[in-house]
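Here is the file work_20.cif (mmCIF, C-alpha atoms).
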data_input
loop_
_atom_site.label_atom_id
_atom_site.label_comp_id
_atom_site.auth_asym_id
_atom_site.auth_seq_id
_atom_site.Cartn_x
_atom_site.Cartn_y
_atom_site.Cartn_z
CA MET O 1 26.81 25.12 -9.04
CA LEU O 2 28.58 21.78 -9.06
CA THR O 3 29.29 21.85 -5.32
CA SER O 4 25.65 22.67 -4.56
CA THR O 5 24.54 19.73 -6.71
CA LEU O 6 26.99 17.47 -4.90
CA ASN O 7 25.74 18.75 -1.58
CA GLU O 8 22.14 18.06 -2.57
CA LEU O 9 23.03 14.53 -3.67
CA GLN O 10 24.77 13.97 -0.36
CA VAL O 11 21.70 15.09 1.60
CA LEU O 12 19.43 12.88 -0.53
CA LEU O 13 21.80 9.96 0.01
CA GLY O 14 21.59 10.53 3.77
CA GLY O 15 17.80 10.45 3.47
CA LEU O 16 17.98 7.22 1.50
CA GLY O 17 20.18 5.75 4.23
CA ARG O 18 17.57 6.55 6.90
CA THR O 19 14.80 5.22 4.63
CA LEU O 20 16.73 1.95 4.32
CA LEU O 21 17.36 1.81 8.06
CA ILE O 22 13.69 2.09 9.11
CA SER O 23 12.67 -0.18 6.21
CA VAL O 24 15.06 -2.96 7.22
CA ILE O 25 13.88 -2.87 10.83
CA GLY O 26 10.20 -2.50 9.90
CA ILE O 27 10.27 -5.24 7.26
CA SER O 28 12.16 -7.68 9.54
CA MET O 29 9.70 -7.01 12.35
CA GLY O 30 6.74 -7.45 10.01
CA LEU O 31 8.11 -10.73 8.64
CA VAL O 32 8.88 -12.25 12.06
CA LEU O 33 5.56 -11.17 13.60
CA GLY O 34 3.74 -12.27 10.45
CA MET O 35 5.28 -15.75 10.56
CA LEU O 36 4.38 -16.13 14.24
CA MET O 37 0.86 -14.71 14.03
CA GLY O 38 0.25 -16.54 10.75
CA ALA O 39 1.19 -19.77 12.55
CA ALA O 40 -1.27 -19.06 15.37
CA ARG O 41 -3.97 -18.35 12.78
CA HIS O 42 -3.08 -21.51 10.84
CA ALA O 43 -3.20 -23.66 13.97
CA ARG O 44 -6.50 -22.00 14.96
CA VAL O 45 -5.29 -21.45 18.53
CA PRO O 46 -8.52 -20.50 20.32
CA VAL O 47 -8.93 -16.83 21.40
CA LEU O 48 -5.43 -15.92 20.18
CA SER O 49 -6.40 -16.66 16.58
CA GLN O 50 -9.48 -14.41 16.81
CA LEU O 51 -7.49 -11.63 18.48
CA ILE O 52 -4.89 -11.76 15.70
CA ALA O 53 -7.65 -11.66 13.06
CA CYS O 54 -9.02 -8.48 14.70
CA TYR O 55 -5.52 -6.99 14.78
CA ALA O 56 -4.92 -7.79 11.10
CA ASN O 57 -8.28 -6.37 10.01
CA LEU O 58 -7.85 -3.20 12.06
CA PHE O 59 -4.39 -2.44 10.68
CA ARG O 60 -5.29 -3.34 7.11
CA CYS O 61 -8.51 -1.34 6.98
CA THR O 62 -7.09 1.94 8.32
CA PRO O 63 -4.50 4.19 6.63
CA LEU O 64 -0.88 3.71 7.68
CA LEU O 65 -0.56 7.50 7.83
CA VAL O 66 -3.23 7.71 10.55
CA GLN O 67 -1.52 4.92 12.48
CA VAL O 68 1.81 6.74 12.27
CA VAL O 69 0.36 10.06 13.40
CA MET O 70 -1.52 8.34 16.20
CA LEU O 71 1.57 6.53 17.50
CA TYR O 72 3.47 9.79 17.57
CA PHE O 73 0.88 12.32 18.70
CA ALA O 74 -1.64 10.30 20.75
CA LEU O 75 0.52 7.82 22.67
CA PRO O 76 2.17 10.57 24.76
CA ASP O 77 -1.29 11.13 26.31
CA LEU O 78 -1.06 7.55 27.58
CA GLY O 79 2.44 8.17 28.93
CA ILE O 80 4.36 6.61 26.01
CA LYS O 81 6.69 9.04 24.23
CA LEU O 82 8.35 7.76 21.06
CA THR O 83 11.04 9.47 18.99
CA PRO O 84 10.32 9.98 15.26
CA PHE O 85 12.79 7.17 14.52
CA ASP O 86 11.12 4.69 16.91
CA THR O 87 7.67 5.69 15.65
CA SER O 88 8.79 5.08 12.07
CA TRP O 89 10.08 1.54 12.36
CA LEU O 90 7.43 0.53 14.86
CA ALA O 91 4.59 1.79 12.64
CA LEU O 92 6.06 0.11 9.55
CA GLY O 93 6.54 -3.13 11.48
CA LEU O 94 3.09 -3.24 13.11
CA TRP O 95 1.32 -2.32 9.85
CA GLY O 96 3.35 -4.76 7.77
CA ALA O 97 2.81 -7.56 10.29
CA ALA O 98 -0.94 -7.37 9.68
CA TYR O 99 -0.45 -8.10 5.97
CA HIS O 100 2.36 -10.62 6.48
CA THR O 101 0.15 -12.55 8.91
CA GLU O 102 -2.43 -13.18 6.19
CA ILE O 103 0.31 -13.94 3.64
CA PHE O 104 2.00 -16.57 5.82
CA ARG O 105 -1.33 -18.03 6.95
CA ALA O 106 -2.17 -18.60 3.27
CA GLY O 107 1.35 -19.98 2.72
CA TYR O 108 1.04 -22.53 5.56
CA GLY O 109 -2.44 -23.38 4.27
CA SER O 110 -1.05 -24.12 0.80
CA VAL O 111 1.12 -26.98 2.12
CA ASN O 112 -0.30 -30.34 1.05
CA PRO O 113 -2.05 -31.81 4.15
CA ASN O 114 -0.74 -35.26 3.20
CA GLU O 115 2.78 -34.05 4.01
CA VAL O 116 1.67 -33.32 7.57
CA VAL O 117 -0.21 -36.63 7.83
CA ALA O 118 2.97 -38.41 6.70
CA ALA O 119 5.07 -36.53 9.26
CA ARG O 120 2.61 -37.42 12.03
CA ALA O 121 2.60 -41.08 10.91
CA LEU O 122 6.40 -41.07 11.27
CA GLY O 123 5.87 -40.23 14.93
CA MET O 124 6.37 -36.46 14.89
CA SER O 125 4.33 -34.49 17.39
CA ALA O 126 1.99 -31.82 15.95
CA PRO O 127 4.32 -28.91 16.86
CA ARG O 128 7.31 -30.83 15.49
CA ALA O 129 5.45 -31.51 12.23
CA PHE O 130 4.60 -27.82 11.97
CA LEU O 131 8.20 -26.72 12.56
CA ASP O 132 9.81 -29.32 10.30
CA VAL O 133 7.24 -29.62 7.50
CA THR O 134 4.57 -26.91 7.33
CA LEU O 135 6.82 -23.99 8.31
CA PRO O 136 9.69 -24.54 5.83
CA LEU O 137 7.34 -25.39 2.94
CA GLY O 138 4.82 -22.67 3.80
CA VAL O 139 7.46 -19.97 4.09
CA ARG O 140 8.88 -20.97 0.70
CA ALA O 141 5.41 -20.68 -0.84
CA SER O 142 4.97 -17.24 0.75
CA ILE O 143 8.15 -15.68 -0.68
CA PRO O 144 6.56 -13.91 -3.72
CA ALA O 145 3.66 -12.36 -1.79
CA ALA O 146 5.84 -11.46 1.20
CA THR O 147 8.30 -9.76 -1.16
CA THR O 148 5.56 -7.65 -2.73
CA MET O 149 4.50 -6.59 0.76
CA ALA O 150 8.09 -5.90 1.84
CA ILE O 151 8.49 -3.59 -1.18
CA THR O 152 5.21 -1.88 -0.27
CA GLN O 153 6.56 -1.37 3.25
CA PHE O 154 9.76 0.09 1.82
CA ARG O 155 7.82 2.56 -0.33
CA SER O 156 5.46 3.41 2.53
CA SER O 157 8.41 4.44 4.68
CA SER O 158 7.89 7.77 2.87
CA PHE O 159 4.83 8.36 5.10
CA MET O 160 7.20 9.00 8.02
CA ILE O 161 7.50 12.55 6.68
CA ALA O 162 4.38 13.11 8.82
CA VAL O 163 6.32 12.74 12.07
CA GLY O 164 9.39 14.60 10.80
CA TYR O 165 11.71 11.63 10.46
CA GLN O 166 14.31 12.74 7.91
CA GLU O 167 13.98 9.93 5.39
CA LEU O 168 14.28 10.31 1.62
CA THR O 169 10.85 11.84 0.94
CA TYR O 170 11.26 14.26 3.85
CA VAL O 171 14.64 15.59 2.67
CA ALA O 172 13.49 15.68 -0.99
CA ASN O 173 10.36 17.61 -0.07
CA ARG O 174 12.38 20.05 2.06
CA MET O 175 14.88 20.56 -0.73
CA VAL O 176 12.19 21.18 -3.35
CA ALA O 177 10.57 23.77 -1.10
CA ASP O 178 13.96 25.52 -0.77
CA THR O 179 15.34 25.24 -4.31
CA PHE O 180 12.25 24.73 -6.56
CA LYS O 181 14.17 22.05 -8.50
CA VAL O 182 10.97 19.98 -8.62
CA PHE O 183 11.81 17.69 -11.53
CA GLU O 184 15.46 16.99 -10.67
CA ILE O 185 14.98 16.26 -6.98
CA PHE O 186 11.76 14.25 -7.10
CA GLY O 187 13.17 12.51 -10.17
CA ILE O 188 16.25 11.39 -8.24
CA ALA O 189 14.13 10.36 -5.24
CA ALA O 190 11.73 8.39 -7.47
CA LEU O 191 14.68 6.70 -9.19
CA ALA O 192 16.15 5.71 -5.82
CA TYR O 193 12.84 4.12 -4.77
CA LEU O 194 12.59 2.28 -8.11
CA VAL O 195 16.16 0.98 -7.94
CA VAL O 196 15.86 -0.32 -4.38
CA SER O 197 12.42 -1.90 -5.10
CA ASN O 198 13.92 -3.74 -8.05
CA ILE O 199 16.94 -4.88 -6.05
CA ILE O 200 14.59 -6.36 -3.43
CA ALA O 201 12.53 -8.07 -6.16
CA ILE O 202 15.60 -9.55 -7.88
CA ALA O 203 17.13 -10.71 -4.58
CA SER O 204 13.86 -12.37 -3.68
CA ARG O 205 13.66 -14.28 -6.98
CA ARG O 206 17.23 -15.50 -6.43
CA LEU O 207 16.36 -16.59 -2.90
CA GLU O 208 13.25 -18.36 -4.13
CA ARG O 209 15.30 -20.30 -6.68
CA ALA O 210 18.09 -21.06 -4.19
CA VAL O 211 15.78 -22.56 -1.55
CA ALA O 212 13.38 -24.29 -3.97
CA VAL O 213 12.69 -27.94 -3.13
CA PRO O 214 13.29 -29.97 -6.32
CA GLY O 215 10.05 -31.36 -7.71
CA LEU O 216 7.84 -29.35 -5.35
CA GLY O 217 5.92 -26.63 -7.14
CA ALA O 218 7.06 -24.86 -10.28
CA VAL O 219 9.58 -22.07 -9.92
CA LYS O 220 9.49 -19.45 -12.62
CA MET Q 1 -15.90 14.93 33.33
CA ASN Q 2 -16.30 17.74 30.85
CA GLN Q 3 -17.77 16.62 27.53
CA ASP Q 4 -18.14 20.08 25.97
CA TRP Q 5 -15.24 19.56 23.56
CA ILE Q 6 -17.00 16.80 21.63
CA GLY Q 7 -19.57 18.96 19.79
CA PRO Q 8 -17.26 21.44 17.99
CA VAL Q 9 -14.67 18.72 17.31
CA ALA Q 10 -17.28 16.44 15.76
CA SER Q 11 -18.72 19.16 13.54
CA HIS Q 12 -15.26 20.22 12.30
CA MET Q 13 -14.28 16.60 11.64
CA LEU Q 14 -17.54 16.04 9.79
CA SER Q 15 -16.52 18.71 7.28
CA GLY Q 16 -13.13 16.96 7.12
CA LEU Q 17 -14.88 13.66 6.42
CA TYR Q 18 -16.79 15.38 3.62
CA VAL Q 19 -13.45 16.41 2.03
CA THR Q 20 -12.09 12.87 2.47
CA LEU Q 21 -15.12 11.32 0.78
CA TRP Q 22 -15.01 13.88 -2.02
CA VAL Q 23 -11.28 13.35 -2.63
CA SER Q 24 -11.76 9.56 -2.50
CA LEU Q 25 -14.63 9.68 -4.99
CA LEU Q 26 -12.86 11.95 -7.48
CA THR Q 27 -9.60 9.99 -7.17
CA THR Q 28 -11.43 6.71 -7.69
CA LEU Q 29 -13.29 7.92 -10.79
CA LEU Q 30 -10.21 9.48 -12.36
CA ALA Q 31 -7.90 6.57 -11.46
CA THR Q 32 -10.43 4.08 -12.83
CA ALA Q 33 -10.70 6.01 -16.10
CA ILE Q 34 -6.91 6.23 -16.43
CA GLY Q 35 -6.46 2.60 -15.41
CA LEU Q 36 -9.02 1.19 -17.83
CA PHE Q 37 -7.73 3.34 -20.69
CA ILE Q 38 -4.07 2.44 -20.15
CA GLY Q 39 -5.00 -1.16 -19.41
CA SER Q 40 -6.84 -1.42 -22.74
CA LEU Q 41 -3.88 0.13 -24.53
CA SER Q 42 -1.75 -2.75 -23.25
CA ALA Q 43 -3.68 -4.98 -25.68
CA SER Q 44 -2.21 -2.94 -28.52
CA THR Q 45 0.23 -4.67 -30.82
CA THR Q 46 2.07 -1.44 -31.66
CA LYS Q 47 5.55 -1.56 -30.19
CA TRP Q 48 5.87 2.02 -28.92
CA VAL Q 49 2.42 1.92 -27.31
CA GLN Q 50 3.39 -1.24 -25.43
CA VAL Q 51 6.64 0.35 -24.26
CA ALA Q 52 4.86 3.54 -23.14
CA VAL Q 53 2.22 1.53 -21.22
CA ARG Q 54 4.89 -0.59 -19.51
CA LEU Q 55 6.89 2.51 -18.56
CA TYR Q 56 3.85 4.30 -17.12
CA ILE Q 57 2.74 1.27 -15.11
CA ASP Q 58 6.20 0.30 -13.84
CA ILE Q 59 7.29 3.81 -12.91
CA PHE Q 60 4.18 4.87 -11.02
CA ARG Q 61 3.67 1.49 -9.36
CA GLY Q 62 7.28 1.52 -8.19
CA VAL Q 63 7.29 5.03 -6.73
CA PRO Q 64 5.63 5.88 -3.39
CA SER Q 65 2.18 7.45 -3.75
CA LEU Q 66 3.36 10.33 -1.58
CA ILE Q 67 6.22 11.17 -3.99
CA THR Q 68 3.76 11.28 -6.91
CA LEU Q 69 1.41 13.48 -4.89
CA LEU Q 70 4.15 15.88 -3.79
CA PHE Q 71 5.59 15.96 -7.31
CA VAL Q 72 2.24 16.98 -8.86
CA PHE Q 73 1.64 19.43 -6.00
CA PHE Q 74 4.94 21.24 -6.66
CA ALA Q 75 5.19 20.67 -10.42
CA LEU Q 76 1.80 22.15 -11.39
CA PRO Q 77 2.57 25.72 -10.22
CA HIS Q 78 6.08 25.27 -11.66
CA ILE Q 79 4.68 24.82 -15.17
CA GLY Q 80 2.24 27.67 -14.66
CA VAL Q 81 -0.92 25.80 -13.61
CA SER Q 82 -2.22 27.16 -10.32
CA THR Q 83 -4.65 24.86 -8.54
CA GLY Q 84 -5.68 24.27 -4.96
CA PRO Q 85 -4.12 21.51 -2.88
CA ILE Q 86 -7.25 19.37 -3.29
CA THR Q 87 -7.08 19.34 -7.11
CA ALA Q 88 -3.33 18.70 -7.04
CA SER Q 89 -3.82 15.84 -4.56
CA VAL Q 90 -6.58 14.25 -6.60
CA LEU Q 91 -4.45 14.43 -9.76
CA GLY Q 92 -1.38 13.05 -8.00
CA LEU Q 93 -3.24 10.17 -6.36
CA ALA Q 94 -5.15 9.38 -9.57
CA VAL Q 95 -1.98 9.17 -11.68
CA TRP Q 96 -0.54 6.77 -9.10
CA GLY Q 97 -3.75 4.78 -8.53
CA GLY Q 98 -4.36 4.65 -12.29
CA ALA Q 99 -1.09 2.75 -12.74
CA ASN Q 100 -2.18 0.15 -10.18
CA ILE Q 101 -5.61 -0.25 -11.77
CA ALA Q 102 -4.03 -0.43 -15.24
CA GLU Q 103 -1.82 -3.29 -14.07
CA THR Q 104 -4.87 -5.10 -12.67
CA ALA Q 105 -6.76 -4.58 -15.94
CA ARG Q 106 -3.76 -5.69 -17.98
CA GLY Q 107 -3.42 -8.88 -15.93
CA ALA Q 108 -7.14 -9.64 -16.23
CA MET Q 109 -7.12 -9.23 -20.01
CA LYS Q 110 -3.92 -11.23 -20.38
CA SER Q 111 -5.56 -14.11 -18.50
CA ILE Q 112 -8.14 -14.45 -21.29
CA SER Q 113 -6.87 -16.91 -23.89
CA SER Q 114 -5.73 -15.33 -27.16
CA ARG Q 115 -7.93 -17.87 -28.95
CA GLN Q 116 -10.93 -15.83 -27.85
CA THR Q 117 -9.56 -12.88 -29.81
CA GLU Q 118 -8.72 -15.10 -32.77
CA ALA Q 119 -12.24 -16.58 -32.79
CA ALA Q 120 -13.81 -13.12 -32.62
CA ARG Q 121 -11.56 -11.89 -35.43
CA ALA Q 122 -12.45 -14.96 -37.51
CA LEU Q 123 -16.13 -14.07 -37.08
CA GLY Q 124 -15.36 -10.73 -38.72
CA LEU Q 125 -14.99 -8.47 -35.68
CA GLY Q 126 -12.40 -5.69 -35.87
CA LYS Q 127 -9.47 -5.50 -33.45
CA VAL Q 128 -11.21 -3.04 -31.14
CA GLN Q 129 -14.55 -4.84 -31.41
CA ALA Q 130 -12.90 -8.15 -30.48
CA LEU Q 131 -11.38 -6.48 -27.44
CA VAL Q 132 -14.61 -4.82 -26.34
CA PHE Q 133 -17.10 -7.60 -27.13
CA ALA Q 134 -15.04 -10.79 -26.65
CA VAL Q 135 -12.17 -10.15 -24.22
CA MET Q 136 -13.46 -7.45 -21.88
CA PRO Q 137 -16.76 -9.10 -20.81
CA GLN Q 138 -14.76 -12.16 -19.71
CA ALA Q 139 -11.89 -10.18 -18.21
CA ILE Q 140 -14.14 -8.06 -16.02
CA ARG Q 141 -14.90 -10.98 -13.67
CA ARG Q 142 -11.21 -11.40 -12.95
CA PHE Q 143 -10.70 -7.65 -12.78
CA LEU Q 144 -13.35 -6.91 -10.15
CA PRO Q 145 -12.00 -8.62 -6.99
CA PRO Q 146 -8.53 -6.97 -7.08
CA TYR Q 147 -10.15 -3.72 -8.26
CA VAL Q 148 -12.33 -3.54 -5.15
CA GLY Q 149 -9.15 -4.17 -3.13
CA GLN Q 150 -7.51 -1.23 -4.95
CA LEU Q 151 -10.42 0.98 -3.94
CA THR Q 152 -9.64 0.50 -0.23
CA VAL Q 153 -6.03 1.42 -0.98
CA LEU Q 154 -7.16 4.59 -2.80
CA ILE Q 155 -9.56 5.59 0.00
CA GLN Q 156 -6.80 5.09 2.57
CA ALA Q 157 -4.40 7.06 0.36
CA SER Q 158 -6.74 10.07 0.55
CA ALA Q 159 -5.33 10.65 4.05
CA LEU Q 160 -2.03 11.62 2.36
CA THR Q 161 -3.64 14.86 1.22
CA SER Q 162 -3.26 16.14 4.79
CA VAL Q 163 0.51 16.22 4.15
CA VAL Q 164 0.04 19.04 1.60
CA GLY Q 165 -2.34 20.89 3.89
CA VAL Q 166 -5.77 19.64 2.82
CA THR Q 167 -8.22 19.70 5.75
CA ASP Q 168 -9.46 16.17 5.24
CA LEU Q 169 -10.55 13.88 8.07
CA LEU Q 170 -7.00 13.45 9.37
CA GLY Q 171 -6.14 17.12 8.78
CA SER Q 172 -9.23 18.32 10.63
CA ALA Q 173 -8.47 15.95 13.51
CA ARG Q 174 -4.94 17.35 13.82
CA GLN Q 175 -6.25 20.93 13.77
CA MET Q 176 -8.74 20.22 16.53
CA ILE Q 177 -6.12 18.50 18.69
CA GLU Q 178 -3.78 21.48 18.29
CA ARG Q 179 -6.58 23.85 19.28
CA LEU Q 180 -7.62 21.78 22.29
CA ALA Q 181 -4.00 21.51 23.39
CA TYR Q 182 -3.73 25.29 23.22
CA MET Q 183 -6.94 25.94 25.17
CA SER Q 184 -6.97 23.18 27.77
CA PRO Q 185 -4.58 20.76 29.48
CA ASP Q 186 -6.14 17.75 27.75
CA ALA Q 187 -6.04 17.59 23.92
CA HIS Q 188 -8.13 14.37 23.77
CA ALA Q 189 -5.78 13.07 21.06
CA VAL Q 190 -6.52 9.41 21.78
CA PRO Q 191 -10.33 9.48 21.34
CA ILE Q 192 -10.08 11.84 18.34
CA TYR Q 193 -7.59 9.65 16.45
CA CYS Q 194 -9.58 6.55 17.40
CA GLY Q 195 -12.56 8.25 15.76
CA VAL Q 196 -10.52 8.77 12.57
CA LEU Q 197 -9.45 5.10 12.58
CA LEU Q 198 -13.04 4.01 13.14
CA VAL Q 199 -14.39 6.01 10.20
CA PHE Q 200 -11.81 4.54 7.80
CA PHE Q 201 -12.45 1.07 9.18
CA VAL Q 202 -16.21 1.39 8.70
CA ILE Q 203 -15.66 2.40 5.06
CA CYS Q 204 -12.87 -0.04 4.14
CA TYR Q 205 -13.79 -3.21 6.04
CA PRO Q 206 -17.02 -3.87 4.07
CA LEU Q 207 -15.05 -3.31 0.85
CA THR Q 208 -12.46 -5.95 1.82
CA LEU Q 209 -15.33 -8.35 2.62
CA LEU Q 210 -16.82 -7.59 -0.81
CA ALA Q 211 -13.45 -8.21 -2.46
CA SER Q 212 -13.02 -11.61 -0.81
CA TYR Q 213 -16.66 -12.50 -1.61
CA LEU Q 214 -16.09 -11.68 -5.29
CA GLU Q 215 -12.87 -13.66 -5.27
CA GLY Q 216 -14.59 -16.67 -3.69
CA ARG Q 217 -17.33 -16.52 -6.33
CA LEU Q 218 -14.71 -16.39 -9.08
CA ARG Q 219 -13.00 -19.54 -7.81
CA SER Q 220 -16.15 -21.64 -7.48
#
Before we go any further, please render this structure as structure tokens.
Amino acid sequence: MLTSTLNELQVLLGGLGRTLLISVIGISMGLVLGMLMGAARHARVPVLSQLIACYANLFRCTPLLVQVVMLYFALPDLGIKLTPFDTSWLALGLWGAAYHTEIFRAGYGSVNPNEVVAARALGMSAPRAFLDVTLPLGVRASIPAATTMAITQFRSSSFMIAVGYQELTYVANRMVADTFKVFEIFGIAALAYLVVSNIIAIASRRLERAVAVPGLGAVK
Amino acid sequence: MNQDWIGPVASHMLSGLYVTLWVSLLTTLLATAIGLFIGSLSASTTKWVQVAVRLYIDIFRGVPSLITLLFVFFALPHIGVSTGPITASVLGLAVWGGANIAETARGAMKSISSRQTEAARALGLGKVQALVFAVMPQAIRRFLPPYVGQLTVLIQASALTSVVGVTDLLGSARQMIERLAYMSPDAHAVPIYCGVLLVFFVICYPLTLLASYLEGRLRS
């Protein structure tokens, strides 16, 4: 009895590990792409800005689950075969990037335009002013919204059950089907998701406070 | 090029779309009812009610929708309630979506100054009357924009029902691709999944436009 419980915990822990792995890659990819594409949207780069807007709308207005299934089951028809692992992080990253793009665009847009005017008056070129003024301030302003999205990405990693990647929800679901311990196993899985979500939220608030510019915007 | 496959696929997916719309509608109605009820309870001054509301909102908002859905799907037969996968899915998604809508409602009501309640109470209205006649009519304008955003999330979440075997739009698409792959060399996975994406986009994109329109009107 005790050994079987320990075994189950070990399997769930392995699932949590794989959930964290695809989440870390997917969230990092989403953040980096979001900062870049948000910058292109902010600068209104012709053509590119419109293309990114289409990308963001398409990925935000269709279910992640359909995107995941499509990456895994339809791309082979076009000659691209992805493993469940690659599908998982790629889908999380591409989907998250669509939301992060809008988040960072709003963040860059919230920077006081006078700051940029001042930087330009000091002789900075427009790209320099973006990199040294708009980017650092805009990213700071985006931290709360980007964190909420990162946590959503983490929770949505459970959708990778659809392509058979053995993350936490997959192993929990498998175990429940085998053992019928519905309450215990889903309870542990739910707790794991709650704990990690809260760790991300707390870490983000610490980060926000640590990088806050004194006198610029109120930090809760 | 042979186009014969399109007819049967389209008619099967149309019945899948019908299930998707039905699940989305039921989930939306139920989640809205739960959300508004729990959200109103958050205005209660009774300690244990406040704690219960907080727990419900925080737990279900922090857990992946898929875990809630799978939990309800497996837990119902476990406690002796036998329902079809569609009913279980609707219940699971509504419990999860209800927590999100409750949080939106709670935030909207909290944003209304407590002086409004005090003024209504001073005019002789009871606690519930003050909530219904003074706070809620003002809160609804702040509630609507994020609520419409939640609706797109709920509609997209209906695709999760395919994980427990509901033949919704995504489920029907997968069935048809499997059949085509069995009968012919080409499963047409790319056009079929693109069709699924398109249907969701056509439903959700106007809703996101409506949400941002409502938000713009609120700000002005």
Legend entry - Which residue of Q:Arg142, Q:Arg54, Q:His78, Q:Arg61 approaches Leu194 in chain O most closely, using only C-alpha atoms: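 The closest residue to Leu194 in chain O is Q:Arg61.
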Inset, instruction - Using the chain letters and numbers from the file, give me the residues hit by the PyMOL selection byres ((chain Q) within 6 of (chain O)), as JSON, numbers by chain. - result: {"Q": [62, 63, 64, 156, 189, 190, 197, 200, 201, 204, 205]}
Next, dump the selected residues to file, keeping only C-alpha atoms, as a compact mmCIF listing (two decimals), in the frame of the given file.
# COMPACT_ATOMS: atom_id res chain seq x y z
CA GLY Q 62 7.28 1.52 -8.19
CA VAL Q 63 7.29 5.03 -6.73
CA PRO Q 64 5.63 5.88 -3.39
CA GLN Q 156 -6.80 5.09 2.57
CA ALA Q 189 -5.78 13.07 21.06
CA VAL Q 190 -6.52 9.41 21.78
CA LEU Q 197 -9.45 5.10 12.58
CA PHE Q 200 -11.81 4.54 7.80
CA PHE Q 201 -12.45 1.07 9.18
CA CYS Q 204 -12.87 -0.04 4.14
CA TYR Q 205 -13.79 -3.21 6.04
Inset, instruction - Tell me which protein, DNA and RNA residues are within 12 Å of Met136 in chain Q, counting all atoms listed in the file, leaving out same-chain ones fewer than 5 positions away, and put them as a list in words. - result: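 Answer for this query is Leu36, Gly39, Ser40, Ala43, Ala105, Arg106, Gly107, Ala108, Met109, Lys110, Ser111, Ile112, Ser113, Gln116, Thr117, Val128, Gln129, Ala130, Leu131, Arg141, Arg142, Phe143 and Leu144 of chain Q.
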Could you turn the residues from that selection into a file that holds C-alpha atoms, as a CSV table (one decimal), in the frame of the given file?
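So selection31.csv came out as:
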chain,number,residue,atom,x,y,z
Q,36,LEU,CA,-9.0,1.2,-17.8
Q,39,GLY,CA,-5.0,-1.2,-19.4
Q,40,SER,CA,-6.8,-1.4,-22.7
Q,43,ALA,CA,-3.7,-5.0,-25.7
Q,105,ALA,CA,-6.8,-4.6,-15.9
Q,106,ARG,CA,-3.8,-5.7,-18.0
Q,107,GLY,CA,-3.4,-8.9,-15.9
Q,108,ALA,CA,-7.1,-9.6,-16.2
Q,109,MET,CA,-7.1,-9.2,-20.0
Q,110,LYS,CA,-3.9,-11.2,-20.4
Q,111,SER,CA,-5.6,-14.1,-18.5
Q,112,ILE,CA,-8.1,-14.4,-21.3
Q,113,SER,CA,-6.9,-16.9,-23.9
Q,116,GLN,CA,-10.9,-15.8,-27.8
Q,117,THR,CA,-9.6,-12.9,-29.8
Q,128,VAL,CA,-11.2,-3.0,-31.1
Q,129,GLN,CA,-14.6,-4.8,-31.4
Q,130,ALA,CA,-12.9,-8.2,-30.5
Q,131,LEU,CA,-11.4,-6.5,-27.4
Q,141,ARG,CA,-14.9,-11.0,-13.7
Q,142,ARG,CA,-11.2,-11.4,-13.0
Q,143,PHE,CA,-10.7,-7.6,-12.8
Q,144,LEU,CA,-13.4,-6.9,-10.2
Inset, instruction - Evaluate the PyMOL selection byres ((chain Q and resi 163-169) around 10) here and jot the selected residues down as a PyMOL selection string. - result: (chain O and resi 65-66+159+161-162) or (chain Q and resi 12-23+66+69-70+73-74+84-86+88-89+158-162+170-175+193+195-197+199-200)
Take the PyMOL selection byres ((chain O and resi 29) around 12), run it mentally on this structure, and tell me the resulting residues as a PDB file with C-alpha atoms, in the coordinates of the input.
ATOM      1  CA  ILE O  22      13.690   2.090   9.110  1.00  0.00           C
ATOM      2  CA  SER O  23      12.670  -0.180   6.210  1.00  0.00           C
ATOM      3  CA  VAL O  24      15.060  -2.960   7.220  1.00  0.00           C
ATOM      4  CA  ILE O  25      13.880  -2.870  10.830  1.00  0.00           C
ATOM      5  CA  GLY O  26      10.200  -2.500   9.900  1.00  0.00           C
ATOM      6  CA  ILE O  27      10.270  -5.240   7.260  1.00  0.00           C
ATOM      7  CA  SER O  28      12.160  -7.680   9.540  1.00  0.00           C
ATOM      8  CA  GLY O  30       6.740  -7.450  10.010  1.00  0.00           C
ATOM      9  CA  LEU O  31       8.110 -10.730   8.640  1.00  0.00           C
ATOM     10  CA  VAL O  32       8.880 -12.250  12.060  1.00  0.00           C
ATOM     11  CA  LEU O  33       5.560 -11.170  13.600  1.00  0.00           C
ATOM     12  CA  GLY O  34       3.740 -12.270  10.450  1.00  0.00           C
ATOM     13  CA  MET O  35       5.280 -15.750  10.560  1.00  0.00           C
ATOM     14  CA  LEU O  36       4.380 -16.130  14.240  1.00  0.00           C
ATOM     15  CA  MET O  37       0.860 -14.710  14.030  1.00  0.00           C
ATOM     16  CA  TRP O  89      10.080   1.540  12.360  1.00  0.00           C
ATOM     17  CA  LEU O  90       7.430   0.530  14.860  1.00  0.00           C
ATOM     18  CA  ALA O  91       4.590   1.790  12.640  1.00  0.00           C
ATOM     19  CA  LEU O  92       6.060   0.110   9.550  1.00  0.00           C
ATOM     20  CA  GLY O  93       6.540  -3.130  11.480  1.00  0.00           C
ATOM     21  CA  LEU O  94       3.090  -3.240  13.110  1.00  0.00           C
ATOM     22  CA  TRP O  95       1.320  -2.320   9.850  1.00  0.00           C
ATOM     23  CA  GLY O  96       3.350  -4.760   7.770  1.00  0.00           C
ATOM     24  CA  ALA O  97       2.810  -7.560  10.290  1.00  0.00           C
ATOM     25  CA  ALA O  98      -0.940  -7.370   9.680  1.00  0.00           C
ATOM     26  CA  HIS O 100       2.360 -10.620   6.480  1.00  0.00           C
ATOM     27  CA  THR O 101       0.150 -12.550   8.910  1.00  0.00           C
ATOM     28  CA  ALA O 150       8.090  -5.900   1.840  1.00  0.00           C
ATOM     29  CA  GLN O 153       6.560  -1.370   3.250  1.00  0.00           C
TER      30      GLN O 153
END
